[in-house]
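Visitor: Contents of data.txt (compact mmCIF, C-alpha atoms):
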```
# COMPACT_ATOMS: atom_id res chain seq x y z
CA MET A 1 183.42 187.65 137.23
CA ILE A 2 183.79 186.96 133.52
CA VAL A 3 184.95 183.46 132.53
CA SER A 4 186.44 182.92 129.10
CA ILE A 5 185.09 179.50 128.12
CA GLU A 6 187.68 179.37 125.34
CA LYS A 7 190.57 179.76 127.79
CA CYS A 8 189.29 177.92 130.90
CA MET A 9 191.03 174.53 131.33
CA HIS A 10 188.61 173.28 134.03
CA CYS A 11 191.51 172.72 136.41
CA GLY A 12 189.86 173.91 139.63
CA ALA A 13 192.83 176.04 140.74
CA CYS A 14 190.46 178.97 141.34
CA VAL A 15 187.92 176.79 143.18
CA GLY A 16 190.36 175.48 145.77
CA SER A 17 192.01 178.88 146.20
CA CYS A 18 188.85 180.95 146.68
CA PRO A 19 188.74 182.22 150.28
CA GLN A 20 184.94 182.54 150.05
CA ASN A 21 184.37 179.05 148.56
CA ALA A 22 182.28 180.96 146.04
CA ILE A 23 183.27 179.12 142.84
CA PHE A 24 181.86 175.84 141.56
CA LEU A 25 183.23 173.75 138.71
CA ASN A 26 180.73 171.27 137.32
CA GLU A 27 183.13 169.19 135.18
CA VAL A 28 183.57 171.92 132.58
CA VAL A 29 181.37 174.86 133.63
CA LEU A 30 182.70 177.42 136.10
CA GLN A 31 180.12 179.28 138.17
CA PHE A 32 180.50 182.07 140.73
CA ASN A 33 177.89 182.49 143.46
CA GLU A 34 176.80 185.51 145.48
CA LYS A 35 179.52 184.92 148.11
CA CYS A 36 182.13 186.23 145.63
CA ASN A 37 183.45 189.51 147.04
CA LYS A 38 185.61 190.31 143.99
CA CYS A 39 188.91 189.97 145.87
CA GLY A 40 190.62 189.16 142.57
CA ARG A 41 192.75 186.26 143.86
CA CYS A 42 191.39 183.89 141.19
CA VAL A 43 192.08 186.40 138.41
CA ARG A 44 195.77 186.54 139.35
CA LEU A 45 196.29 182.85 139.88
CA CYS A 46 194.27 181.32 137.02
CA PRO A 47 196.95 179.39 135.09
CA ALA A 48 195.00 179.83 131.87
CA GLY A 49 194.35 183.56 132.25
CA ALA A 50 190.65 182.82 131.76
CA LEU A 51 189.18 185.15 134.39
CA THR A 52 188.52 188.89 134.29
CA MET A 53 186.82 191.12 136.79
CA GLU A 54 183.60 192.65 135.50
CA GLY A 55 184.10 196.21 134.29
CA LYS A 56 187.82 195.67 133.65
CA LYS A 57 189.73 194.71 130.55
CA MET B 1 165.90 155.74 159.79
CA LYS B 2 168.50 153.86 157.81
CA PRO B 3 170.58 156.15 155.55
CA ASP B 4 170.75 155.57 151.79
CA TYR B 5 174.39 154.46 152.17
CA ASP B 6 176.70 153.82 155.11
CA ILE B 7 179.45 155.84 153.45
CA ILE B 8 179.42 158.30 150.55
CA VAL B 9 182.81 159.16 149.08
CA VAL B 10 182.95 162.42 147.10
CA GLY B 11 185.63 162.16 144.43
CA ALA B 12 187.10 159.08 142.71
CA GLY B 13 190.79 159.97 142.82
CA PRO B 14 193.31 157.62 144.45
CA ALA B 15 192.43 158.71 148.02
CA GLY B 16 188.68 158.33 147.48
CA SER B 17 189.01 154.94 145.78
CA LYS B 18 191.27 153.61 148.54
CA THR B 19 188.82 154.76 151.21
CA ALA B 20 185.90 153.22 149.31
CA LYS B 21 187.74 149.93 148.84
CA HIS B 22 188.82 149.42 152.44
CA ALA B 23 185.45 150.46 153.90
CA ALA B 24 183.57 148.19 151.48
CA MET B 25 185.87 145.29 152.38
CA LYS B 26 184.51 145.51 155.92
CA GLY B 27 180.94 145.21 154.67
CA ALA B 28 179.85 148.85 154.55
CA ARG B 29 177.47 149.98 151.79
CA VAL B 30 179.66 152.47 149.97
CA LEU B 31 178.76 154.92 147.18
CA MET B 32 181.57 156.83 145.45
CA ILE B 33 180.50 159.77 143.29
CA GLU B 34 182.68 161.40 140.63
CA LYS B 35 181.74 164.62 138.87
CA ARG B 36 183.60 163.80 135.70
CA GLN B 37 182.55 161.38 132.98
CA GLU B 38 185.84 159.49 133.20
CA ILE B 39 187.87 158.53 136.26
CA GLY B 40 191.50 159.65 135.98
CA ALA B 41 190.86 162.13 133.15
CA SER B 42 191.42 164.80 132.25
CA LEU B 43 194.85 164.87 133.80
CA ARG B 44 195.81 167.33 136.55
CA CYS B 45 199.12 165.86 137.64
CA ALA B 46 202.83 165.49 136.86
CA GLU B 47 202.41 161.74 137.64
CA GLY B 48 205.61 161.12 139.62
CA VAL B 49 205.48 158.73 142.60
CA ASN B 50 207.97 156.57 144.48
CA LYS B 51 207.58 152.82 144.79
CA LYS B 52 208.00 152.93 148.55
CA GLY B 53 204.96 155.21 148.82
CA LEU B 54 202.87 152.77 146.80
CA ALA B 55 204.11 149.82 148.87
CA LYS B 56 203.27 151.56 152.16
CA ALA B 57 199.70 151.99 150.97
CA GLY B 58 199.55 148.34 149.90
CA VAL B 59 199.38 149.06 146.16
CA GLU B 60 200.91 146.31 144.04
CA ILE B 61 202.61 147.54 140.90
CA ASP B 62 200.84 146.72 137.66
CA ARG B 63 202.94 147.49 134.57
CA ARG B 64 199.82 148.61 132.72
CA TRP B 65 199.76 151.89 134.65
CA VAL B 66 203.52 152.48 134.75
CA SER B 67 204.64 154.95 132.11
CA ALA B 68 208.37 155.05 132.89
CA ASP B 69 210.80 153.77 135.50
CA ILE B 70 213.18 156.34 136.87
CA ALA B 71 216.91 155.85 137.41
CA GLY B 72 217.44 159.06 139.32
CA ALA B 73 216.88 162.77 139.65
CA LYS B 74 218.63 165.95 138.60
CA LEU B 75 218.31 169.15 140.59
CA VAL B 76 219.35 172.09 138.41
CA SER B 77 220.23 175.51 139.83
CA PRO B 78 219.47 178.84 138.13
CA GLY B 79 223.07 179.10 136.91
CA GLY B 80 223.06 175.58 135.50
CA LYS B 81 224.78 173.73 138.35
CA VAL B 82 223.53 170.14 138.52
CA PHE B 83 223.06 167.91 141.54
CA ARG B 84 222.55 164.41 140.22
CA ILE B 85 221.12 161.61 142.34
CA ASP B 86 221.70 158.17 140.92
CA GLU B 87 219.27 155.63 142.31
CA SER B 88 220.72 152.58 140.62
CA GLN B 89 222.15 151.42 143.95
CA ALA B 90 218.99 152.15 145.89
CA GLY B 91 217.20 148.87 145.34
CA ASN B 92 213.47 148.83 145.01
CA GLU B 93 212.74 152.27 146.38
CA VAL B 94 213.14 154.23 143.18
CA GLY B 95 210.63 156.45 141.50
CA MET B 96 208.31 155.96 138.60
CA VAL B 97 206.04 158.03 136.41
CA LEU B 98 202.46 156.83 136.17
CA GLU B 99 199.72 156.82 133.58
CA ARG B 100 197.21 158.47 135.88
CA HIS B 101 194.27 157.86 133.56
CA LEU B 102 194.91 154.11 133.97
CA PHE B 103 196.15 154.18 137.57
CA ASP B 104 193.05 155.98 138.88
CA LYS B 105 190.77 153.56 137.04
CA ALA B 106 192.69 150.60 138.49
CA MET B 107 192.22 151.99 142.03
CA ALA B 108 188.50 152.62 141.41
CA ALA B 109 188.13 149.09 139.97
CA GLU B 110 189.53 147.68 143.22
CA ALA B 111 186.86 149.64 145.11
CA ALA B 112 184.21 148.23 142.76
CA ARG B 113 185.47 144.67 143.30
CA ALA B 114 185.26 145.22 147.07
CA GLY B 115 181.58 146.07 146.60
CA ALA B 116 181.50 149.87 146.29
CA GLU B 117 178.98 151.47 143.94
CA ILE B 118 180.30 154.20 141.59
CA TRP B 119 178.31 156.99 139.93
CA LEU B 120 179.88 159.18 137.26
CA LYS B 121 178.77 162.68 136.20
CA THR B 122 177.56 163.25 139.74
CA SER B 123 178.68 166.41 141.56
CA ALA B 124 178.28 167.09 145.25
CA VAL B 125 176.93 170.63 145.63
CA ASP B 126 176.52 170.84 149.42
CA VAL B 127 176.46 168.72 152.55
CA ILE B 128 173.33 167.94 154.55
CA LYS B 129 173.67 168.54 158.28
CA ASP B 130 171.54 167.63 161.27
CA GLY B 131 172.71 170.11 163.90
CA GLU B 132 176.50 169.81 163.85
CA THR B 133 176.53 166.34 162.29
CA VAL B 134 176.99 165.70 158.56
CA VAL B 135 174.27 163.27 157.47
CA GLY B 136 174.59 163.30 153.68
CA VAL B 137 175.23 165.29 150.53
CA LYS B 138 173.18 167.26 148.05
CA ALA B 139 174.23 166.19 144.57
CA LEU B 140 173.52 166.70 140.90
CA ARG B 141 173.44 163.43 138.95
CA GLU B 142 173.53 164.27 135.26
CA GLY B 143 171.90 167.54 136.31
CA GLU B 144 169.17 165.96 138.43
CA PRO B 145 169.15 167.25 142.04
CA LEU B 146 169.34 164.50 144.66
CA LYS B 147 169.57 164.32 148.44
CA LEU B 148 171.64 161.35 149.53
CA THR B 149 171.91 160.38 153.18
CA ALA B 150 174.87 158.56 154.69
CA GLY B 151 176.31 157.54 158.04
CA CYS B 152 179.53 159.22 156.96
CA VAL B 153 180.61 161.46 154.08
CA VAL B 154 184.20 161.28 152.85
CA ALA B 155 185.61 164.52 151.44
CA ALA B 156 187.94 163.24 148.70
CA ASP B 157 187.30 166.17 146.39
CA GLY B 158 190.92 167.09 145.86
CA PHE B 159 192.48 170.53 145.76
CA GLU B 160 189.03 172.17 145.54
CA SER B 161 188.31 170.95 149.08
CA GLN B 162 184.75 172.25 148.99
CA VAL B 163 182.99 169.45 150.89
CA ALA B 164 185.01 170.15 154.05
CA ARG B 165 184.29 173.86 153.81
CA TRP B 166 180.56 173.32 153.24
CA ALA B 167 180.57 171.20 156.40
CA GLY B 168 182.40 173.86 158.43
CA ILE B 169 186.05 172.71 158.42
CA ASP B 170 188.17 175.59 157.18
CA THR B 171 190.64 174.42 154.54
CA THR B 172 191.22 177.91 153.10
CA LEU B 173 194.79 178.49 151.94
CA LYS B 174 197.00 181.58 152.02
CA THR B 175 198.39 182.59 148.62
CA GLY B 176 201.84 181.70 149.98
CA ASP B 177 200.61 178.12 150.38
CA ILE B 178 199.18 177.67 146.87
CA THR B 179 201.16 176.68 143.81
CA THR B 180 199.66 177.33 140.41
CA CYS B 181 200.74 174.88 137.73
CA TYR B 182 200.84 174.48 133.97
CA GLN B 183 202.11 171.44 132.11
CA TYR B 184 202.60 170.10 128.62
CA ARG B 185 203.01 166.49 127.61
CA MET B 186 205.68 166.92 124.97
CA ALA B 187 207.24 164.67 122.32
CA ASN B 188 210.46 164.87 120.32
CA LEU B 189 212.45 165.98 123.36
CA LYS B 190 216.19 165.54 123.85
CA THR B 191 216.07 165.15 127.65
CA GLU B 192 217.22 162.02 129.47
CA PRO B 193 214.50 159.34 129.26
CA ASP B 194 215.03 157.96 132.78
CA TYR B 195 215.87 161.00 134.89
CA CYS B 196 213.38 163.30 136.60
CA GLU B 197 214.60 166.86 136.39
CA PHE B 198 213.83 169.74 138.76
CA ILE B 199 214.86 173.26 137.74
CA ILE B 200 214.73 175.76 140.61
CA GLY B 201 215.18 179.49 141.13
CA SER B 202 213.66 182.62 139.62
CA VAL B 203 212.67 180.74 136.45
CA ALA B 204 209.79 179.44 138.59
CA PRO B 205 209.37 181.77 141.59
CA GLY B 206 208.61 179.82 144.77
CA GLY B 207 208.26 176.57 142.83
CA TYR B 208 210.12 174.68 140.11
CA ILE B 209 210.06 173.50 136.53
CA TRP B 210 209.91 169.74 136.08
CA VAL B 211 210.66 167.25 133.34
CA PHE B 212 209.19 163.84 134.19
CA PRO B 213 209.88 161.18 131.53
CA LYS B 214 206.94 159.41 129.91
CA GLY B 215 208.89 156.94 127.78
CA ASP B 216 211.17 157.43 124.75
CA ASP B 217 211.34 161.09 123.77
CA THR B 218 208.17 162.17 125.62
CA ALA B 219 207.84 163.77 129.05
CA ASN B 220 205.62 165.87 131.26
CA VAL B 221 207.19 169.33 131.14
CA GLY B 222 205.58 171.58 133.70
CA ILE B 223 205.91 174.43 136.11
CA GLY B 224 204.60 175.39 139.51
CA VAL B 225 204.78 179.00 140.73
CA LEU B 226 203.76 180.16 144.19
CA ALA B 227 200.50 182.12 143.87
CA SER B 228 201.85 184.90 146.11
CA LYS B 229 204.58 185.52 143.50
CA LEU B 230 202.16 185.96 140.60
CA LYS B 231 201.42 189.47 139.39
CA LYS B 232 199.31 189.11 136.29
CA PRO B 233 196.86 186.56 134.82
CA GLY B 234 198.36 183.76 132.74
CA GLU B 235 201.87 184.46 134.01
CA VAL B 236 202.59 180.87 135.03
CA LYS B 237 202.24 179.65 131.44
CA ALA B 238 204.47 182.50 130.24
CA TYR B 239 207.22 181.42 132.68
CA LEU B 240 207.06 177.86 131.33
CA ASP B 241 206.95 178.88 127.67
CA SER B 242 209.94 181.14 128.11
CA TRP B 243 211.99 178.35 129.74
CA ILE B 244 211.07 175.85 127.03
CA LYS B 245 212.15 178.34 124.39
CA LYS B 246 215.54 178.81 126.07
CA ASP B 247 216.33 175.13 126.71
CA PRO B 248 217.42 173.51 123.41
CA ARG B 249 216.55 170.03 124.71
CA LEU B 250 212.95 171.18 125.12
CA SER B 251 212.52 173.74 122.37
CA CYS B 252 212.73 170.98 119.74
CA GLY B 253 209.68 169.33 121.33
CA GLN B 254 206.01 169.73 120.50
CA PRO B 255 203.02 169.55 122.86
CA LEU B 256 200.57 166.64 122.85
CA GLU B 257 198.48 167.82 125.78
CA ALA B 258 198.21 170.91 127.98
CA LEU B 259 196.84 171.01 131.48
CA ALA B 260 196.71 173.23 134.52
CA GLY B 261 196.00 172.92 138.20
CA GLY B 262 196.34 174.15 141.74
CA VAL B 263 198.46 172.44 144.39
CA SER B 264 198.47 173.14 148.12
CA VAL B 265 201.93 173.57 149.66
CA SER B 266 200.66 174.22 153.17
CA PRO B 267 200.81 172.49 156.52
CA PRO B 268 198.12 169.79 156.87
CA VAL B 269 194.59 170.56 158.13
CA GLU B 270 194.15 171.02 161.88
CA LYS B 271 190.97 168.97 161.81
CA SER B 272 190.41 166.00 159.49
CA VAL B 273 187.39 164.47 161.25
CA MET B 274 184.03 165.75 162.50
CA ASP B 275 180.75 164.02 163.29
CA GLY B 276 179.75 162.32 160.03
CA LEU B 277 182.69 163.58 157.92
CA VAL B 278 186.31 162.71 157.20
CA LEU B 279 188.83 164.43 154.90
CA VAL B 280 191.28 162.41 152.80
CA GLY B 281 193.97 163.22 150.23
CA ASP B 282 194.52 166.66 148.72
CA SER B 283 191.33 167.98 150.36
CA ALA B 284 193.05 167.46 153.74
CA ARG B 285 196.02 169.51 152.47
CA ILE B 286 198.45 166.60 152.91
CA ILE B 287 200.41 167.22 149.70
CA ASP B 288 204.16 167.37 150.30
CA PRO B 289 204.91 171.13 150.45
CA ILE B 290 208.36 170.73 148.88
CA THR B 291 207.68 168.38 145.98
CA GLY B 292 203.96 169.02 145.47
CA GLY B 293 203.49 165.24 145.38
CA GLY B 294 200.19 163.99 146.75
CA ILE B 295 199.57 160.51 145.35
CA ALA B 296 201.37 158.40 147.97
CA ASN B 297 200.08 160.46 150.91
CA GLY B 298 196.56 160.33 149.50
CA LEU B 299 196.66 156.57 149.03
CA LEU B 300 197.95 155.98 152.55
CA ALA B 301 195.42 158.33 154.16
CA GLY B 302 192.67 156.67 152.08
CA LYS B 303 193.72 153.24 153.29
CA PHE B 304 193.69 154.40 156.92
CA ALA B 305 190.32 156.14 156.47
CA GLY B 306 188.71 153.10 154.83
CA GLU B 307 189.94 150.76 157.55
CA VAL B 308 188.75 153.02 160.37
CA LEU B 309 185.42 153.72 158.68
CA GLY B 310 184.94 149.98 158.22
CA ASP B 311 185.33 149.56 161.99
CA CYS B 312 182.99 152.50 162.62
CA PHE B 313 180.41 150.94 160.34
CA GLN B 314 180.63 147.67 162.26
CA ALA B 315 180.23 149.58 165.54
CA ASN B 316 177.45 151.71 163.99
CA ASP B 317 179.20 154.88 165.21
CA PHE B 318 180.44 157.61 162.86
CA SER B 319 180.98 160.22 165.56
CA GLU B 320 184.11 162.36 165.55
CA LYS B 321 185.37 160.44 168.58
CA ALA B 322 184.87 157.05 166.91
CA MET B 323 186.69 158.18 163.75
CA MET B 324 189.63 159.88 165.53
CA PRO B 325 191.87 156.81 165.12
CA TYR B 326 191.99 157.78 161.42
CA ASP B 327 193.25 161.27 162.32
CA LYS B 328 195.89 159.78 164.60
CA LYS B 329 197.05 157.19 162.05
CA TRP B 330 197.75 159.62 159.23
CA ARG B 331 199.34 162.17 161.57
CA ASP B 332 201.66 159.50 163.00
CA ALA B 333 202.61 158.46 159.47
CA MET B 334 203.25 161.86 157.88
CA GLU B 335 202.54 164.97 159.94
CA ASN B 336 206.12 165.67 161.12
CA ARG B 337 207.40 165.22 157.59
CA LEU B 338 204.75 167.60 156.18
CA TRP B 339 205.60 170.30 158.73
CA ARG B 340 209.35 169.86 158.16
CA ASN B 341 208.95 170.17 154.41
CA TRP B 342 206.66 173.17 154.79
CA MET B 343 209.33 174.90 156.90
CA ALA B 344 211.97 173.96 154.33
CA LYS B 345 209.77 175.42 151.57
CA GLU B 346 209.32 178.67 153.53
CA LYS B 347 213.11 178.93 153.92
CA PHE B 348 214.07 178.02 150.36
CA LEU B 349 211.76 180.53 148.75
CA THR B 350 213.75 183.31 150.43
CA LEU B 351 217.00 182.23 148.75
CA SER B 352 218.46 184.16 145.81
CA ASP B 353 219.54 182.50 142.57
CA LYS B 354 223.15 183.06 143.60
CA THR B 355 222.66 181.27 146.92
CA LEU B 356 220.85 178.39 145.18
CA ASP B 357 223.77 178.06 142.74
CA GLY B 358 226.13 177.76 145.71
CA VAL B 359 223.95 175.19 147.46
CA ILE B 360 223.59 173.01 144.37
CA GLU B 361 227.29 173.27 143.65
CA THR B 362 228.29 171.98 147.09
CA LEU B 363 225.59 169.32 146.98
CA SER B 364 226.87 168.09 143.63
CA THR B 365 229.87 166.62 145.41
CA ALA B 366 227.74 165.07 148.17
CA HIS B 367 226.80 161.43 147.92
CA VAL B 368 223.05 160.88 148.00
CA ASP B 369 221.87 157.54 146.66
CA LYS B 370 218.14 157.98 147.00
CA MET B 371 216.05 160.91 145.87
CA SER B 372 214.04 161.86 148.89
CA VAL B 373 213.56 165.31 150.34
CA HIS B 374 214.86 163.93 153.64
CA ASN B 375 218.16 162.77 152.12
CA ILE B 376 218.64 166.09 150.36
CA LEU B 377 217.94 167.98 153.60
CA ILE B 378 220.52 165.81 155.41
CA ALA B 379 223.08 166.71 152.74
CA ILE B 380 222.19 170.41 153.08
CA LYS B 381 222.48 170.15 156.87
CA GLU B 382 226.02 168.81 156.47
CA ASN B 383 227.09 171.43 153.92
CA HIS B 384 224.92 174.49 154.68
CA PRO B 385 223.69 174.12 158.29
CA GLU B 386 222.64 177.79 158.37
CA LEU B 387 219.87 177.06 155.84
CA VAL B 388 218.11 174.49 157.97
CA LYS B 389 218.81 175.67 161.52
CA GLU B 390 215.18 176.73 162.13
CA PHE B 391 213.95 173.16 161.65
CA GLU B 392 217.06 170.99 162.10
CA ASP B 393 215.32 169.00 164.87
CA LEU B 394 212.92 167.65 162.27
CA ILE B 395 215.66 166.43 159.90
```
Show this structure as structure tokens.
Guide:
Amino acid sequence: MIVSIEKCMHCGACVGSCPQNAIFLNEVVLQFNEKCNKCGRCVRLCPAGALTMEGKK
Amino acid sequence: MKPDYDIIVVGAGPAGSKTAKHAAMKGARVLMIEKRQEIGASLRCAEGVNKKGLAKAGVEIDRRWVSADIAGAKLVSPGGKVFRIDESQAGNEVGMVLERHLFDKAMAAEAARAGAEIWLKTSAVDVIKDGETVVGVKALREGEPLKLTAGCVVAADGFESQVARWAGIDTTLKTGDITTCYQYRMANLKTEPDYCEFIIGSVAPGGYIWVFPKGDDTANVGIGVLASKLKKPGEVKAYLDSWIKKDPRLSCGQPLEALAGGVSVSPPVEKSVMDGLVLVGDSARIIDPITGGGIANGLLAGKFAGEVLGDCFQANDFSEKAMMPYDKKWRDAMENRLWRNWMAKEKFLTLSDKTLDGVIETLSTAHVDKMSVHNILIAIKENHPELVKEFEDLI
């Protein structure tokens, strides 16, 4: 998953919505772990439009 | 072996601070960890709360954290019909808009005065388990990895709700039970300075647009859209921007702050207690599914949790069985209401703009003197019984 650090608002909406609990927000840094199965839920619901799936524009 | 702390609270929001305070008051050694460098900031909230909710949780009002007192509410339909609730006759039970950055610090300060220790810039990254029992947390304190043991861990980590899931309690939400939000603090507005406004319908699919006054010509202007209704990234902000542009009372305003967030609009968790762990506040999915409000419920659950954990500390027993009185207390206080409002939410999101216009129009002649979801549902039951027949027993 590609995180735009310019757009991310560190709100945690993706973290609490991730069905795999695969995202971690350490105050301002968003990290995805190996449990991410690229379901795309976070990409659609990110209020800041800060997430893109790898290999997509 | 004696644990490092009797109780470790993860997250210093209102629910965590309340839990920490009440447990510390009974003599427990309490540590509350907060991943951010400042409690109560940055903001993730529309800041509305009612005084009754604060009173129930034993919170005395301090003017320093009150941003604006509210005289009433306006529910606006897609076609511009207005249902106005005037609270001037409703005594002391009216609403207010907080300064969360001050309110959260005031709650944490009470925990500190009761004897709780607070660490900032400390993130929980996992729980430590011994068999099926939670016995502590793995944390990063300013980046340094630590293992902290505790008799009981309190998951007060908000919407993220990761601590519960690390421990094995499933708090995963369906997209139909998640609201994605975006909000501006705006100045130079021409909206009413003492009325909270809720704009419903397809302008905010499955949610609403809000205007919560913050004194003079400023307000929190925000939107929540149900995640299942979102099609493309960043859409929620686009919905809000397009409404602001269209509403002349808002389009003259300018933003002072922008924020985002996720809100659960689900039924509450099935399990809020396990050996060595309790869930409080947003992490237990006890936000009101109609309003998206979570402060009052979080405070009350935190108070109950702290009191029960204090007793458990004194009895030296943090088993699921010993902590069940907490589960029972919060369910008795709010579970029926949460289920009723969830069912109401499920029903209302099926209604067309035209139907909502009709509902608001008939309600506008109804007399409701206090802005609660319950009172509004009673008025709907009287005027549109077909809309609430699936859950009328709960009204």
Visitor: Using all atoms listed in the file, which residue out of A:His10, A:Pro19, A:Ile2, A:Ala48 lies closest to Phe32 (chain A)?
Guide: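 The answer is A:Ile2, which sits nearest to Phe32 (chain A).
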Visitor: Around (208.4, 155.7, 148.4) in the file's frame, which residues reach within 10 Å when counting only C-alpha atoms? Return as JSON, numbers by chain?
Guide: {"B": [49, 50, 51, 52, 53, 54, 55, 56, 57, 92, 93, 94, 95, 96, 296, 297, 371, 372]}
Visitor: Using 10 Å as the limit and counting only C-alpha atoms, can you tabulate each residue of chain A that touches chain B, with its shortest atom-to-atom distance in Å and the two atoms involved, as a tab-separated table?
Guide:
```
residue	atom	partner	partner_atom	distance
A:Cys8	CA	B:Ala260	CA	9.5
A:Met9	CA	B:Ala260	CA	6.6
A:His10	CA	B:Ala260	CA	8.1
A:Cys11	CA	B:Gly261	CA	4.8
A:Gly12	CA	B:Glu160	CA	6.2
A:Ala13	CA	B:Gly262	CA	4.1
A:Cys14	CA	B:Gly262	CA	7.6
A:Val15	CA	B:Glu160	CA	5.3
A:Gly16	CA	B:Glu160	CA	3.6
A:Ser17	CA	B:Leu173	CA	6.4
A:Cys18	CA	B:Thr172	CA	7.5
A:Pro19	CA	B:Thr172	CA	5.7
A:Gln20	CA	B:Thr172	CA	8.4
A:Asn21	CA	B:Gln162	CA	6.8
A:Ala22	CA	B:Gln162	CA	9.5
A:Ile23	CA	B:Gln162	CA	9.3
A:Phe24	CA	B:Val125	CA	8.2
A:Leu25	CA	B:Ser123	CA	9.1
A:Asn26	CA	B:Ser123	CA	6.8
A:Glu27	CA	B:Arg36	CA	5.4
A:Val28	CA	B:Arg36	CA	8.7
A:Arg41	CA	B:Thr175	CA	8.2
A:Cys42	CA	B:Pro233	CA	8.8
A:Val43	CA	B:Pro233	CA	6.0
A:Arg44	CA	B:Pro233	CA	4.7
A:Leu45	CA	B:Ala227	CA	5.8
A:Cys46	CA	B:Pro233	CA	6.2
A:Pro47	CA	B:Gly234	CA	5.2
A:Ala48	CA	B:Gly234	CA	5.2
A:Gly49	CA	B:Gly234	CA	4.0
A:Ala50	CA	B:Gly234	CA	7.8
A:Leu51	CA	B:Pro233	CA	7.8
A:Thr52	CA	B:Pro233	CA	8.7
```
Visitor: Work out how far CA of Ala71 (chain B) is from CA of Arg84 (chain B), in Å to one decimal.
Guide: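 Interatomic distance here is 10.6 Å.
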Visitor: What separation in Å, quoted to one decimal, exists between CA of Asp311 (chain B) and CA of Pro325 (chain B)?
Guide: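 These two atoms are separated by 10.3 Å.
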Visitor: I'd like the interatomic distance between CA of Arg185 (chain B) and CA of Gly206 (chain B), to a tenth of an Å.
Guide: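 That distance, rounded to one decimal, is 22.4 Å.
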Visitor: Which centre and which edge lengths, in Å to one decimal, describe the axis-aligned box that holds all listed atoms of region 113-118 of chain B after 5 Å is added on each side, as lines of an AutoDock Vina configuration file?
Guide:
```
center_x = 182.2
center_y = 149.4
center_z = 144.3
size_x = 16.5
size_y = 19.5
size_z = 15.5
```
Visitor: Pick out the residues sitting within 9 Å of Leu394 (chain B), and hand them over as an mmCIF file with C-alpha atoms, in the coordinates of the input; count all atoms listed in the file, and ignore anything fewer than 2 positions along from it in its own chain.
Guide:
```
data_model
loop_
_atom_site.group_PDB
_atom_site.id
_atom_site.type_symbol
_atom_site.label_atom_id
_atom_site.label_comp_id
_atom_site.auth_asym_id
_atom_site.auth_seq_id
_atom_site.Cartn_x
_atom_site.Cartn_y
_atom_site.Cartn_z
ATOM 1 C CA ASN B 336 206.120 165.670 161.120
ATOM 2 C CA ARG B 337 207.400 165.220 157.590
ATOM 3 C CA TRP B 339 205.600 170.300 158.730
ATOM 4 C CA ARG B 340 209.350 169.860 158.160
ATOM 5 C CA PHE B 391 213.950 173.160 161.650
ATOM 6 C CA GLU B 392 217.060 170.990 162.100
#
```
Visitor: So which residues fall inside 12 Å of (217.7, 180.9, 139.8) if we count only C-alpha atoms? Mind giving them as JSON, numbers by chain?
Guide: {"B": [75, 76, 77, 78, 79, 80, 81, 198, 199, 200, 201, 202, 203, 204, 205, 206, 207, 208, 209, 243, 348, 349, 350, 351, 352, 353, 354, 355, 356, 357, 358, 359, 360]}
Visitor: If we count only C-alpha atoms, what is near Thr149 (chain B) at a cut-off of 6 Å, once residues fewer than 2 positions away on the same chain are taken out, given as a PyMOL selection string?
Guide: chain B and resi 3-4+135-136
Visitor: Tell me, as a ChimeraX atom specification, which residues lie within 7 Å of region 254-257 of chain B, counting only C-alpha atoms; anything in the same chain fewer than 6 positions away does not count.
Guide: /B:184-188
Visitor: Write out as a list of chain:residue names which residues come within 9 Å of region 377-390 of chain B when counting all atoms listed in the file, dropping same-chain ones fewer than 6 positions away.
Guide: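 What passes the distance filter is B:Met343, B:Ala344, B:Lys347, B:Phe348, B:Val359, B:Thr362, B:Leu363, B:Ala366, B:His367, B:Val368.
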Visitor: Where atoms are missing, can you supply N, CA and C atoms for region 24-31 of chain A and output the lot as a short mmCIF file (atom, residue, chain, number, x, y, z; two decimals), in the coordinates of the input?
Guide:
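Final file, rebuild36.cif:
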```cif
data_model
loop_
_atom_site.label_atom_id
_atom_site.label_comp_id
_atom_site.auth_asym_id
_atom_site.auth_seq_id
_atom_site.Cartn_x
_atom_site.Cartn_y
_atom_site.Cartn_z
N PHE A 24 182.21 177.25 141.73
CA PHE A 24 181.86 175.84 141.56
C PHE A 24 182.19 175.41 140.13
N LEU A 25 182.86 174.27 140.02
CA LEU A 25 183.23 173.75 138.71
C LEU A 25 182.49 172.44 138.50
N ASN A 26 181.51 172.47 137.59
CA ASN A 26 180.73 171.27 137.32
C ASN A 26 181.29 170.59 136.08
N GLU A 27 182.37 169.85 136.25
CA GLU A 27 183.13 169.19 135.18
C GLU A 27 183.75 170.21 134.23
N VAL A 28 182.96 170.97 133.52
CA VAL A 28 183.57 171.92 132.58
C VAL A 28 183.00 173.35 132.69
N VAL A 29 181.99 173.53 133.54
CA VAL A 29 181.37 174.86 133.63
C VAL A 29 181.71 175.50 134.97
N LEU A 30 182.31 176.70 134.90
CA LEU A 30 182.70 177.42 136.10
C LEU A 30 181.62 178.42 136.47
N GLN A 31 181.16 178.36 137.73
CA GLN A 31 180.12 179.28 138.17
C GLN A 31 180.55 179.99 139.45
#
```
